[in-house]
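Enquirer: My structure is in upload21.tsv, and what it holds is TSV, C-alpha atoms and all ligand atoms:
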```tsv
chain	number	residue	atom	x	y	z
A	1	MET	CA	97.97	90.29	89.05
A	2	ASN	CA	94.96	91.74	87.24
A	3	ARG	CA	96.12	92.41	83.69
A	4	HIS	CA	92.68	93.49	82.48
A	5	PRO	CA	91.14	95.94	84.95
A	6	GLY	CA	87.56	96.88	84.07
A	7	ARG	CA	88.17	100.48	85.11
A	8	LEU	CA	91.14	102.56	86.28
A	9	VAL	CA	90.57	105.27	88.88
A	10	LEU	CA	92.19	107.64	91.35
A	11	LEU	CA	90.27	107.94	94.64
A	12	GLY	CA	90.85	111.18	96.55
A	13	HIS	CA	89.12	114.14	98.14
A	14	PRO	CA	89.78	116.67	96.70
A	15	VAL	CA	91.32	115.22	93.57
A	16	ALA	CA	90.75	117.63	90.67
A	17	HIS	CA	94.28	119.12	91.01
A	18	SER	CA	95.99	115.73	90.54
A	19	LEU	CA	98.56	115.21	87.77
A	20	SER	CA	98.04	111.43	87.85
A	21	PRO	CA	95.36	111.28	85.10
A	22	ALA	CA	97.63	113.19	82.69
A	23	PHE	CA	100.62	110.88	83.04
A	24	GLN	CA	98.70	107.62	83.55
A	25	ASN	CA	96.66	108.28	80.39
A	26	ALA	CA	99.91	109.00	78.53
A	27	ALA	CA	101.26	105.62	79.69
A	28	LEU	CA	98.02	103.88	78.66
A	29	ARG	CA	98.14	105.46	75.18
A	30	SER	CA	101.81	104.55	74.79
A	31	ALA	CA	101.00	100.92	75.69
A	32	GLY	CA	97.97	100.88	73.34
A	33	LEU	CA	95.64	99.98	76.22
A	34	PRO	CA	91.99	100.98	75.61
A	35	LEU	CA	91.29	102.35	79.11
A	36	THR	CA	91.00	105.84	80.60
A	37	TYR	CA	92.37	106.67	84.07
A	38	GLU	CA	89.74	108.79	85.82
A	39	ALA	CA	89.99	110.91	88.98
A	40	LEU	CA	87.02	110.23	91.29
A	41	ASP	CA	86.27	112.69	94.07
A	42	VAL	CA	85.01	110.42	96.84
A	43	THR	CA	84.32	111.64	100.37
A	44	PRO	CA	85.43	109.50	103.33
A	45	ALA	CA	81.75	108.66	103.99
A	46	GLU	CA	81.34	107.35	100.42
A	47	LEU	CA	84.58	105.39	100.22
A	48	SER	CA	83.49	101.96	101.42
A	49	ALA	CA	80.46	101.77	99.06
A	50	GLU	CA	82.57	103.06	96.16
A	51	ILE	CA	85.19	100.37	96.79
A	52	THR	CA	82.48	97.68	96.79
A	53	ARG	CA	81.28	98.93	93.37
A	54	LEU	CA	84.84	99.04	92.03
A	55	VAL	CA	85.57	95.47	93.15
A	56	GLU	CA	82.47	94.28	91.23
A	57	LEU	CA	83.83	96.04	88.13
A	58	ARG	CA	87.31	94.50	88.63
A	59	ALA	CA	88.66	98.03	88.80
A	60	ALA	CA	92.22	98.98	89.68
A	61	GLY	CA	93.70	102.31	90.66
A	62	ASN	CA	95.33	104.58	93.17
A	63	ALA	CA	94.26	106.08	96.48
A	64	THR	CA	95.44	109.48	97.62
A	65	ILE	CA	94.74	111.88	100.50
A	66	PRO	CA	92.72	111.19	102.64
A	67	HIS	CA	91.99	107.56	101.68
A	68	LYS	CA	95.26	105.60	101.81
A	69	GLU	CA	94.87	104.29	105.37
A	70	THR	CA	91.19	103.34	104.91
A	71	VAL	CA	91.82	101.54	101.62
A	72	ARG	CA	94.47	99.45	103.37
A	73	VAL	CA	91.84	98.41	105.94
A	74	LEU	CA	89.31	97.61	103.16
A	75	CYS	CA	91.80	95.41	101.24
A	76	ASP	CA	91.56	91.63	101.56
A	77	THR	CA	95.31	91.31	101.12
A	78	VAL	CA	98.19	93.80	101.11
A	79	THR	CA	101.90	93.57	100.33
A	80	PRO	CA	104.40	93.56	103.23
A	81	VAL	CA	105.48	97.12	102.39
A	82	ALA	CA	101.88	98.41	102.49
A	83	GLU	CA	101.44	96.64	105.82
A	84	ARG	CA	104.66	98.25	107.11
A	85	VAL	CA	103.56	101.75	106.07
A	86	GLY	CA	99.95	101.20	107.15
A	87	ALA	CA	98.64	102.65	103.89
A	88	VAL	CA	97.72	101.56	100.35
A	89	ASN	CA	98.19	103.86	97.35
A	90	THR	CA	97.75	101.18	94.64
A	91	PHE	CA	94.97	98.58	94.42
A	92	TRP	CA	93.63	95.99	92.03
A	93	VAL	CA	91.25	93.00	92.09
A	94	GLU	CA	92.41	89.41	91.89
A	95	ASP	CA	89.93	86.49	92.05
A	96	GLY	CA	87.30	88.88	93.43
A	97	LYS	CA	89.62	90.04	96.25
A	98	LEU	CA	90.84	93.60	96.72
A	99	CYS	CA	94.66	93.67	96.83
A	100	GLY	CA	96.79	96.63	97.89
A	101	ASP	CA	100.38	97.81	97.62
A	102	ASN	CA	102.30	100.95	98.54
A	103	THR	CA	104.47	102.21	95.69
A	104	ASP	CA	105.21	105.53	97.46
A	105	VAL	CA	108.08	103.82	99.31
A	106	ALA	CA	109.89	102.68	96.15
A	107	GLY	CA	108.92	105.93	94.40
A	108	PHE	CA	110.57	107.95	97.15
A	109	ALA	CA	113.65	105.67	97.22
A	110	SER	CA	114.04	105.98	93.46
A	111	SER	CA	113.79	109.79	93.55
A	112	VAL	CA	116.47	109.97	96.26
A	113	ALA	CA	118.74	107.54	94.37
A	114	GLY	CA	118.33	109.85	91.37
A	115	VAL	CA	119.83	112.80	93.23
A	116	VAL	CA	122.37	110.89	95.38
A	117	GLY	CA	123.54	108.76	92.43
A	118	ARG	CA	122.88	105.48	94.28
A	119	GLU	CA	120.94	104.12	97.26
A	120	PRO	CA	121.98	106.16	100.33
A	121	ARG	CA	124.15	104.45	102.97
A	122	ASN	CA	125.09	105.44	106.53
A	123	VAL	CA	123.16	108.68	106.43
A	124	THR	CA	120.76	110.39	108.84
A	125	VAL	CA	117.47	111.43	107.24
A	126	ALA	CA	115.48	114.23	108.88
A	127	VAL	CA	111.76	113.73	108.22
A	128	ILE	CA	109.58	116.82	108.70
A	129	GLY	CA	105.96	115.71	109.16
A	130	ALA	CA	104.47	112.60	110.71
A	131	GLY	CA	101.58	111.59	108.44
A	132	GLY	CA	101.15	108.93	105.76
A	133	SER	CA	103.92	110.08	103.44
A	134	ALA	CA	106.34	110.43	106.37
A	135	ALA	CA	105.63	106.76	107.17
A	136	ALA	CA	106.49	105.83	103.56
A	137	VAL	CA	109.76	107.80	103.86
A	138	VAL	CA	110.74	106.04	107.10
A	139	ALA	CA	109.86	102.66	105.54
A	140	ALA	CA	112.30	103.46	102.71
A	141	VAL	CA	115.03	104.61	105.14
A	142	GLU	CA	114.58	101.31	107.00
A	143	GLN	CA	115.69	99.48	103.84
A	144	TRP	CA	118.90	101.53	103.41
A	145	GLU	CA	122.07	100.13	104.95
A	146	GLY	CA	123.19	101.99	108.07
A	147	CYS	CA	120.59	104.77	107.73
A	148	ARG	CA	118.54	106.41	110.47
A	149	ALA	CA	115.44	108.60	110.42
A	150	VAL	CA	114.85	111.49	112.83
A	151	VAL	CA	111.18	112.49	112.78
A	152	TRP	CA	109.87	115.91	113.70
A	153	GLY	CA	106.17	116.79	113.59
A	154	ARG	CA	104.29	119.80	114.88
A	155	THR	CA	102.08	117.35	116.80
A	156	ALA	CA	104.76	115.70	118.96
A	157	PRO	CA	102.77	112.58	119.98
A	158	ARG	CA	102.10	111.79	116.29
A	159	ALA	CA	105.85	112.01	115.52
A	160	ALA	CA	106.65	109.86	118.55
A	161	ALA	CA	104.06	107.25	117.51
A	162	LEU	CA	105.48	107.09	113.98
A	163	ALA	CA	109.07	106.76	115.20
A	164	ALA	CA	108.05	104.04	117.67
A	165	ARG	CA	106.94	101.80	114.76
A	166	PHE	CA	110.42	101.68	113.19
A	167	ALA	CA	113.67	100.57	114.82
A	168	CYS	CA	115.62	102.95	112.54
A	169	ALA	CA	113.67	106.01	113.71
A	170	THR	CA	113.73	108.39	116.68
A	171	PRO	CA	111.54	111.42	117.36
A	172	ALA	CA	113.19	114.86	117.59
A	173	ALA	CA	112.21	117.34	120.29
A	174	THR	CA	112.74	120.31	117.97
A	175	LEU	CA	113.04	120.96	114.25
A	176	SER	CA	116.63	122.16	114.64
A	177	ALA	CA	117.52	118.95	116.50
A	178	ALA	CA	116.03	116.95	113.59
A	179	ILE	CA	118.06	118.68	110.87
A	180	HIS	CA	121.27	118.86	112.92
A	181	GLY	CA	123.63	116.33	111.36
A	182	ALA	CA	121.12	115.18	108.72
A	183	GLY	CA	122.51	114.32	105.29
A	184	ILE	CA	119.04	114.28	103.74
A	185	VAL	CA	116.18	116.55	104.83
A	186	VAL	CA	112.67	115.57	103.67
A	187	ASN	CA	109.53	117.70	103.69
A	188	ALA	CA	106.60	115.34	104.26
A	189	THR	CA	104.10	118.12	105.04
A	190	PRO	CA	101.92	120.11	102.59
A	191	ILE	CA	103.95	123.29	103.30
A	192	GLY	CA	104.74	125.06	100.02
A	193	ILE	CA	101.82	123.72	97.97
A	194	GLY	CA	99.92	126.98	97.86
A	195	SER	CA	102.25	129.51	99.48
A	196	ASP	CA	105.90	130.51	99.58
A	197	ASP	CA	106.28	129.09	103.09
A	198	MET	CA	109.12	126.63	103.67
A	199	PRO	CA	109.34	123.75	106.16
A	200	VAL	CA	112.80	124.95	107.29
A	201	ASP	CA	115.27	127.59	106.10
A	202	PRO	CA	117.86	125.78	103.90
A	203	ALA	CA	120.52	128.09	105.39
A	204	LEU	CA	120.10	126.14	108.66
A	205	CYS	CA	120.84	122.78	106.96
A	206	ARG	CA	124.36	121.36	106.61
A	207	ARG	CA	126.22	122.49	103.49
A	208	GLN	CA	126.28	118.93	102.10
A	209	SER	CA	122.61	118.21	102.85
A	210	ILE	CA	120.28	117.01	100.15
A	211	ILE	CA	116.83	118.58	100.23
A	212	VAL	CA	113.90	116.34	99.21
A	213	ASP	CA	110.52	118.04	98.98
A	214	LEU	CA	107.59	115.63	98.58
A	215	VAL	CA	105.51	118.63	97.49
A	216	TYR	CA	105.49	119.51	93.79
A	217	ARG	CA	104.07	122.39	91.84
A	218	ARG	CA	104.61	124.16	88.54
A	219	GLY	CA	108.07	125.79	88.45
A	220	GLU	CA	109.25	123.74	91.48
A	221	THR	CA	108.60	124.57	95.13
A	222	PRO	CA	109.92	127.66	96.97
A	223	TRP	CA	111.93	125.40	99.30
A	224	VAL	CA	113.70	123.63	96.42
A	225	ARG	CA	114.44	126.91	94.63
A	226	ARG	CA	115.81	128.51	97.82
A	227	ALA	CA	117.91	125.41	98.65
A	228	ARG	CA	119.51	125.45	95.18
A	229	ARG	CA	120.29	129.16	95.51
A	230	HIS	CA	121.97	128.25	98.78
A	231	GLY	CA	124.16	125.70	96.97
A	232	LEU	CA	122.37	122.54	98.15
A	233	ARG	CA	121.23	119.68	95.95
A	234	ALA	CA	117.44	119.59	95.95
A	235	ILE	CA	114.51	117.81	94.27
A	236	ASP	CA	110.77	118.27	94.49
A	237	GLY	CA	108.07	115.59	94.64
A	238	LEU	CA	107.59	115.13	90.91
A	239	PRO	CA	110.15	112.30	90.42
A	240	MET	CA	108.53	110.40	93.31
A	241	LEU	CA	105.04	111.01	91.90
A	242	ILE	CA	105.97	109.72	88.45
A	243	GLU	CA	107.84	106.69	89.79
A	244	GLN	CA	105.07	105.63	92.21
A	245	GLY	CA	102.67	105.91	89.24
A	246	ALA	CA	104.92	103.91	86.94
A	247	LEU	CA	105.26	101.16	89.56
A	248	ALA	CA	101.47	101.14	90.02
A	249	PHE	CA	100.98	100.79	86.25
A	250	GLU	CA	103.36	97.81	86.29
A	251	ARG	CA	101.32	96.25	89.13
A	252	TRP	CA	98.05	96.60	87.17
A	253	PHE	CA	99.25	95.46	83.75
A	254	GLY	CA	102.40	93.37	84.34
A	255	ARG	CA	104.32	95.41	81.78
A	256	THR	CA	106.81	98.25	81.88
A	257	ALA	CA	105.37	101.77	82.00
A	258	ASP	CA	106.63	104.28	79.46
A	259	ARG	CA	108.24	106.73	81.90
A	260	GLU	CA	109.31	109.08	79.13
A	261	ALA	CA	105.69	109.45	77.96
A	262	MET	CA	104.65	110.02	81.58
A	263	TRP	CA	107.26	112.76	82.06
A	264	ASN	CA	106.33	114.40	78.75
A	265	ALA	CA	102.71	114.58	79.89
A	266	VAL	CA	103.56	116.70	82.94
A	267	ARG	CA	106.37	118.87	81.56
B	1	LIG	P1	99.09	113.75	106.05
B	1	LIG	O1	98.97	112.30	106.36
B	1	LIG	O2	97.90	114.63	106.18
B	1	LIG	O3	100.27	114.34	106.99
B	1	LIG	C1	100.68	115.68	106.89
B	1	LIG	C2	101.72	115.99	107.96
B	1	LIG	O4	102.12	117.35	107.77
B	1	LIG	C3	101.20	115.87	109.39
B	1	LIG	O5	102.22	115.44	110.24
B	1	LIG	C4	100.79	117.32	109.71
B	1	LIG	O6	100.87	117.64	111.06
B	1	LIG	C5	101.88	118.07	108.99
B	1	LIG	N1	101.50	119.44	108.65
B	1	LIG	C6	100.42	119.84	107.92
B	1	LIG	N2	100.42	121.18	107.81
B	1	LIG	C7	101.52	121.63	108.49
B	1	LIG	C8	102.06	122.91	108.75
B	1	LIG	N3	101.48	124.02	108.26
B	1	LIG	N4	103.18	123.00	109.49
B	1	LIG	C9	103.77	121.89	109.98
B	1	LIG	N5	103.31	120.63	109.77
B	1	LIG	C10	102.20	120.51	109.03
B	1	LIG	O7	99.60	113.97	104.57
B	1	LIG	P2	100.64	113.05	103.74
B	1	LIG	O8	99.93	111.97	103.04
B	1	LIG	O9	101.77	112.67	104.65
B	1	LIG	O10	101.13	114.08	102.63
B	1	LIG	C11	101.91	115.21	102.95
B	1	LIG	C12	102.30	115.93	101.68
B	1	LIG	O11	103.22	115.11	100.96
B	1	LIG	C13	101.12	116.13	100.72
B	1	LIG	O12	100.54	117.38	100.91
B	1	LIG	C14	101.72	116.00	99.34
B	1	LIG	O13	102.03	117.28	98.88
B	1	LIG	C15	103.02	115.27	99.58
B	1	LIG	N6	103.03	113.93	98.95
B	1	LIG	C16	103.69	113.81	97.79
B	1	LIG	C17	103.78	112.59	97.18
B	1	LIG	C18	104.56	112.46	95.90
B	1	LIG	O14	104.41	111.44	95.20
B	1	LIG	N7	105.38	113.42	95.56
B	1	LIG	C19	103.16	111.46	97.75
B	1	LIG	C20	102.48	111.62	98.95
B	1	LIG	C21	102.41	112.87	99.55
B	1	LIG	P3	99.69	117.22	112.11
B	1	LIG	O15	99.97	115.80	112.43
B	1	LIG	O16	99.90	118.14	113.24
B	1	LIG	O17	98.40	117.43	111.38
```
Could you take the file, read its structure, and then write that structure out as C-alpha cells?
Ligand code: NAP
Expert:
Amino acid sequence: MNRHPGRLVLLGHPVAHSLSPAFQNAALRSAGLPLTYEALDVTPAELSAEITRLVELRAAGNATIPHKETVRVLCDTVTPVAERVGAVNTFWVEDGKLCGDNTDVAGFASSVAGVVGREPRNVTVAVIGAGGSAAAVVAAVEQWEGCRAVVWGRTAPRAAALAARFACATPAATLSAAIHGAGIVVNATPIGIGSDDMPVDPALCRRQSIIVDLVYRRGETPWVRRARRHGLRAIDGLPMLIEQGALAFERWFGRTADREAMWNAVR
C-alpha cells in the first residue's frame, strides 16, 4: 500500500462534471492530509503516456469512463475483483509498480445492503446495460448467496458476452423477460443523466422490487422519483459513488475515510 502518494488524480474523458474531487478533497481535509485530488481530462490516446508520468510521480487515483478497462491492462498487478470485472477504478504505485483495484463492486454491494437492510440472498437481479458498471454489478451478485443476474443490453451480443463470463448470470432476450421475477432491478446505462428518460417503467416491475439506479444527479433521477411514487424502494447512484470513493481512499492511505465529510461535500 502506498500511504504517501505524490499526487492524487481522477482520469476520465470528459471529467469536469465529476463529484469525486469535492468529496475526496473533503476526506483529505478531514484527515489533515496535505494533498489535492485533481480531475484530469485525458483522452484515450493520451492515457498510456499520462500513466507513465503518474507512476514516476508515485501518484494514486481513480479511473472513470472511458479508461477503466485500459488502466486494468496498464497495471502491473490487479486485485482478484478487478481481474474478475475486467476493469480498474482505483490505482496506486507500490515499489514502482502500478497496482489496480475495483471498488465499484463493493460500493454497489454496500449501496444495495443499505436499502435491503443486509446483503441480499436468494434474489434475482435484473441488470439493464452490459458495459463496465454492469460487469461490476454482476461481480457483486456473484458474491451473494443464492443470487442470480439476468442481463439485458440493447446490443444483445454484448449482454450475452457479459453473462457468459459469470456462472450466476444469464442473458435475457427482452427487457420484460429480464425484469420478470426480479427482486432488484439495476440501471447500468447512462439513461436519465441528462433527460427524463427511464430505463424501464417502474409500473412494469414487481410490487416488491427494489430499484437501483447507478446514475445520479441533483434532486435524484427521474427513474428513482417515479419508482418511489409507484411505492417501490429505490436508490440512485450516489451511495455507490461515495462508498467506492471511500474504499479507494482507504486503499491509498491505509486509514478510514470520513464518510460523513464526503456526504456533506455533495449534499
Ligand atoms: P459503458 O461501459 O459505456 O456501458 C453503458 C451500457 O449502457 C452499454 O451496455 C450501452 O449499450 C448501454 N446504453 C447506453 N446508452 C443506452 C441507451 N440510450 N439505451 C439503452 N442502453 C444504453 O458505461 P458504464 O461504465 O457501464 O457506466 C454506465 C453508467 O453507470 C454511467 O453513465 C454512470 O452514470 C453510471 N455509473 C455510476 C457509478 C456510481 O458510482 N454510481 C459507477 C459507474 C457507472 P451498448 O453496449 O449498446 O453501447
Enquirer: Neighbours of ligand LIG 1 (chain B) within 6 Å, counting only C-alpha atoms and all ligand atoms, as an mmCIF file with C-alpha atoms, keeping the file's coordinate frame?
Expert:
```
data_model
loop_
_atom_site.group_PDB
_atom_site.id
_atom_site.type_symbol
_atom_site.label_atom_id
_atom_site.label_comp_id
_atom_site.auth_asym_id
_atom_site.auth_seq_id
_atom_site.Cartn_x
_atom_site.Cartn_y
_atom_site.Cartn_z
ATOM 1 C CA ILE A 65 94.740 111.880 100.500
ATOM 2 C CA GLY A 129 105.960 115.710 109.160
ATOM 3 C CA ALA A 130 104.470 112.600 110.710
ATOM 4 C CA GLY A 131 101.580 111.590 108.440
ATOM 5 C CA GLY A 132 101.150 108.930 105.760
ATOM 6 C CA SER A 133 103.920 110.080 103.440
ATOM 7 C CA ALA A 134 106.340 110.430 106.370
ATOM 8 C CA GLY A 153 106.170 116.790 113.590
ATOM 9 C CA ARG A 154 104.290 119.800 114.880
ATOM 10 C CA THR A 155 102.080 117.350 116.800
ATOM 11 C CA ARG A 158 102.100 111.790 116.290
ATOM 12 C CA ALA A 188 106.600 115.340 104.260
ATOM 13 C CA THR A 189 104.100 118.120 105.040
ATOM 14 C CA PRO A 190 101.920 120.110 102.590
ATOM 15 C CA ILE A 191 103.950 123.290 103.300
ATOM 16 C CA LEU A 214 107.590 115.630 98.580
ATOM 17 C CA VAL A 215 105.510 118.630 97.490
ATOM 18 C CA GLY A 237 108.070 115.590 94.640
ATOM 19 C CA LEU A 238 107.590 115.130 90.910
ATOM 20 C CA MET A 240 108.530 110.400 93.310
ATOM 21 C CA LEU A 241 105.040 111.010 91.900
#
```
Enquirer: Give me the residues within 8 Å of Ala149 (chain A) as an MDAnalysis selection string, counting all atoms listed in the file and dropping any in the same chain fewer than 3 places off.
Expert: chainID A and resid 124:127 138 141 168:170
Enquirer: Quick one, how far is CA of Ala246 (chain A) from CA of Asn102 (chain A)?
Expert: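 Result for CA of Ala246 (chain A) versus CA of Asn102 (chain A): 12.3 Å, one decimal.
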Enquirer: Between A:Asp95, A:Asp213, A:Asp104, A:Glu56, which one has atoms that come closest to Ala227 (chain A), using only C-alpha atoms?
Expert: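 Among A:Asp95, A:Asp213, A:Asp104, A:Glu56, it is A:Asp213 that comes nearest to Ala227 (chain A).
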Enquirer: Report, in Å with one decimal, the straight-line distance from CA of His13 (chain A) to CA of Pro199 (chain A).
Expert: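 Here the two named atoms are 23.8 Å from each other.
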Enquirer: Just checking: using all atoms listed in the file, which residue out of A:Val151, A:Val212, A:Val88, A:Leu10 ends up closest to Pro239 (chain A)?
Expert: A:Val212
Enquirer: Tell me, as a VMD selection string, which residues lie within 8 Å of Ala182 (chain A), counting only C-alpha atoms; anything in the same chain fewer than 2 positions away does not count.
Expert: chain A and resid 123 to 126 178 to 180 184 to 185 205 to 206 209
Enquirer: Could you please give me, as a ChimeraX atom specification, the residues of protein, DNA or RNA lying at most 12 Å from (106.4, 105.8, 82.1) in the coordinate frame of the file, considering all atoms listed in the file?
Expert: /A:20,22-31,239,241-250,255-266
Enquirer: Which residue is closest to Asn187 (chain A)? Choose from A:Asn122, A:Thr64, A:Thr221, A:Thr90 and count only C-alpha atoms.
Expert: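 Of all the options, A:Thr221 lies closest to Asn187 (chain A).
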Enquirer: Could you list, as a list in words, every residue within 12 Å of Arg53 (chain A), counting only C-alpha atoms and ignoring same-chain residues fewer than 3 positions away?
Expert: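 Returned residues: Gly6, Arg7, Glu46, Leu47, Ser48, Ala49, Glu50, Glu56, Leu57, Arg58, Ala59, Ala60, Val93, Gly96 and Leu98 of chain A.
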